[in-house]
Every structure is written in C-alpha cells, then in structure tokens.
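A short worksheet on the structure shown next.
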Amino acid sequence: MHDEPLNPDKLSQSAMEHLDQRIVRALETVPEPQIPADFATRVASRLPARLPVSLTPTHYGQNAMLIGTVVSLVALLVLALHSTALHSTALHSTGHATLGLLESLLFAQFIALAVWLSVWRHSSR
C-alpha cells in the first residue's frame with residue numbers, strides 16, 4: 001500500500017489513530033478460505049497407488065498357540081514320568097517341590113491354551 005516504511009515519530013495523531021483502526025480491522029477480519037475446485041483431484045493424483053490387500057488370512061497366532069499346546073502337553077508328560085520316578089525312589093527334596101510347581105504351571109498354561117484355541121475356533125465360524 002505504502003512504498004516507504006512507516007515511522008511512528010513522523011505521523012500525526014489522526015494518522016496514528018487511522019493506522020490503529022486499520023490494524024484492528026485487519027486483525028478482526030475473519031479470512032474466508034478459498035479452496036480451488038480441483039483441489040481434491042490434485043491431492044488424490046499425488047497419492048501413491050494402493051498395494052493389493054491379501055485375501056488369504058494368516059493364522060500365525062493360532063499356529064503358535066497350537067504349537068504351545070503341544071509343547072506344554074509333551075512337557076507335562078515328561079514331568080509326570082519324571083515325578084513318578086522320584087516317588088518310587090522316595091526322594092522328597094526341594095527339587096521335587098520345584099518340579100511340582102513347574103508341573104502345576106505347565107498344566108495351567110496347557111488349560112489356558114486349550115480354552116483359548118477352543119474359543120477361537122468357535123468364534124471364527
């Protein structure tokens with residue numbers, strides 16, 4: 001609007017008031033956004049192409065739970081055979097208590113995995 005910079009020392013009182021009013025009006029004016037008609041088209045054209053979605057579901061979690069169930073069942077059987085051998089030799093030490101705790105934990109894990117697998121199979125139908 002003005003070619004030369006404004007110097008407040010050289011302005012009169014009325015010019016300062018006029019300038020203040022212009023500044024206040026400019027600050028209080030709400031701008032109206034103007035979006036070009038082809039804006040959405042231009043943005044969509046810049047997006048990368050979508051990768052094809054795999055239609056074959058993977059069952060990594062189910063397979064891991066199935067393997068965990070089998071491994072815990074085998075470990076339970078091994079511990080059961082080992083604990084019966086300990087009972088026959090009459091060794092009742094802290095090792096036997098530790099094996100009993102381990103057997104209980106493995107049994108709880110086996111039950112939890114079996115319940116999870118049965119619930120998952122019934123809910124996926």
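Each chain of the structure tokens is named A, B, ... in the order shown, its residues numbered from 1; ligands are numbered from 1 in display order.
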Checklist entry - So which residues touch A:Leu73 within 9 Å, counting only C-alpha atoms, skipping near sequence neighbours fewer than 5 positions away, as a count of residues only? => result 5
Item to check | Exercise: stretch 111-119 of chain A partners within 9 Å, only C-alpha atoms, chain neighbours under 2 positions left out, as a list of chain:residue names | outcome: A:Gln62, A:Met65, A:Leu66, A:Gly68, A:Thr69, A:Leu106, A:Phe107, A:Ala108, A:Gln109, A:Arg121, A:His122, A:Ser123, A:Ser124
Next on the checklist: If I take atom CA of A:Leu76 and atom CA of A:Ser104, how far is one from the other in Å, to one decimal?
Outcome noted: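 The value is 8.9 Å.
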Checklist entry - Pick from A:Trp120, A:Thr84, A:Leu51, A:Ser12: nearest to A:Asn63, with only C-alpha atoms counted? => result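 Selected residue with least distance to A:Asn63: A:Trp120.
Residue nearest A:Leu77 within the list A:Ser45, A:Ala37, A:Glu103, A:Val24: A:Glu103 [criterion: smallest interatomic distance, only C-alpha atoms].
Pairwise distance (atom CA of A:Ile67, atom CA of A:Leu101) equals 22.1 Å.
The two atoms in question, atom CA of A:Thr29 and atom CA of A:Met16, are spaced 19.8 Å apart.
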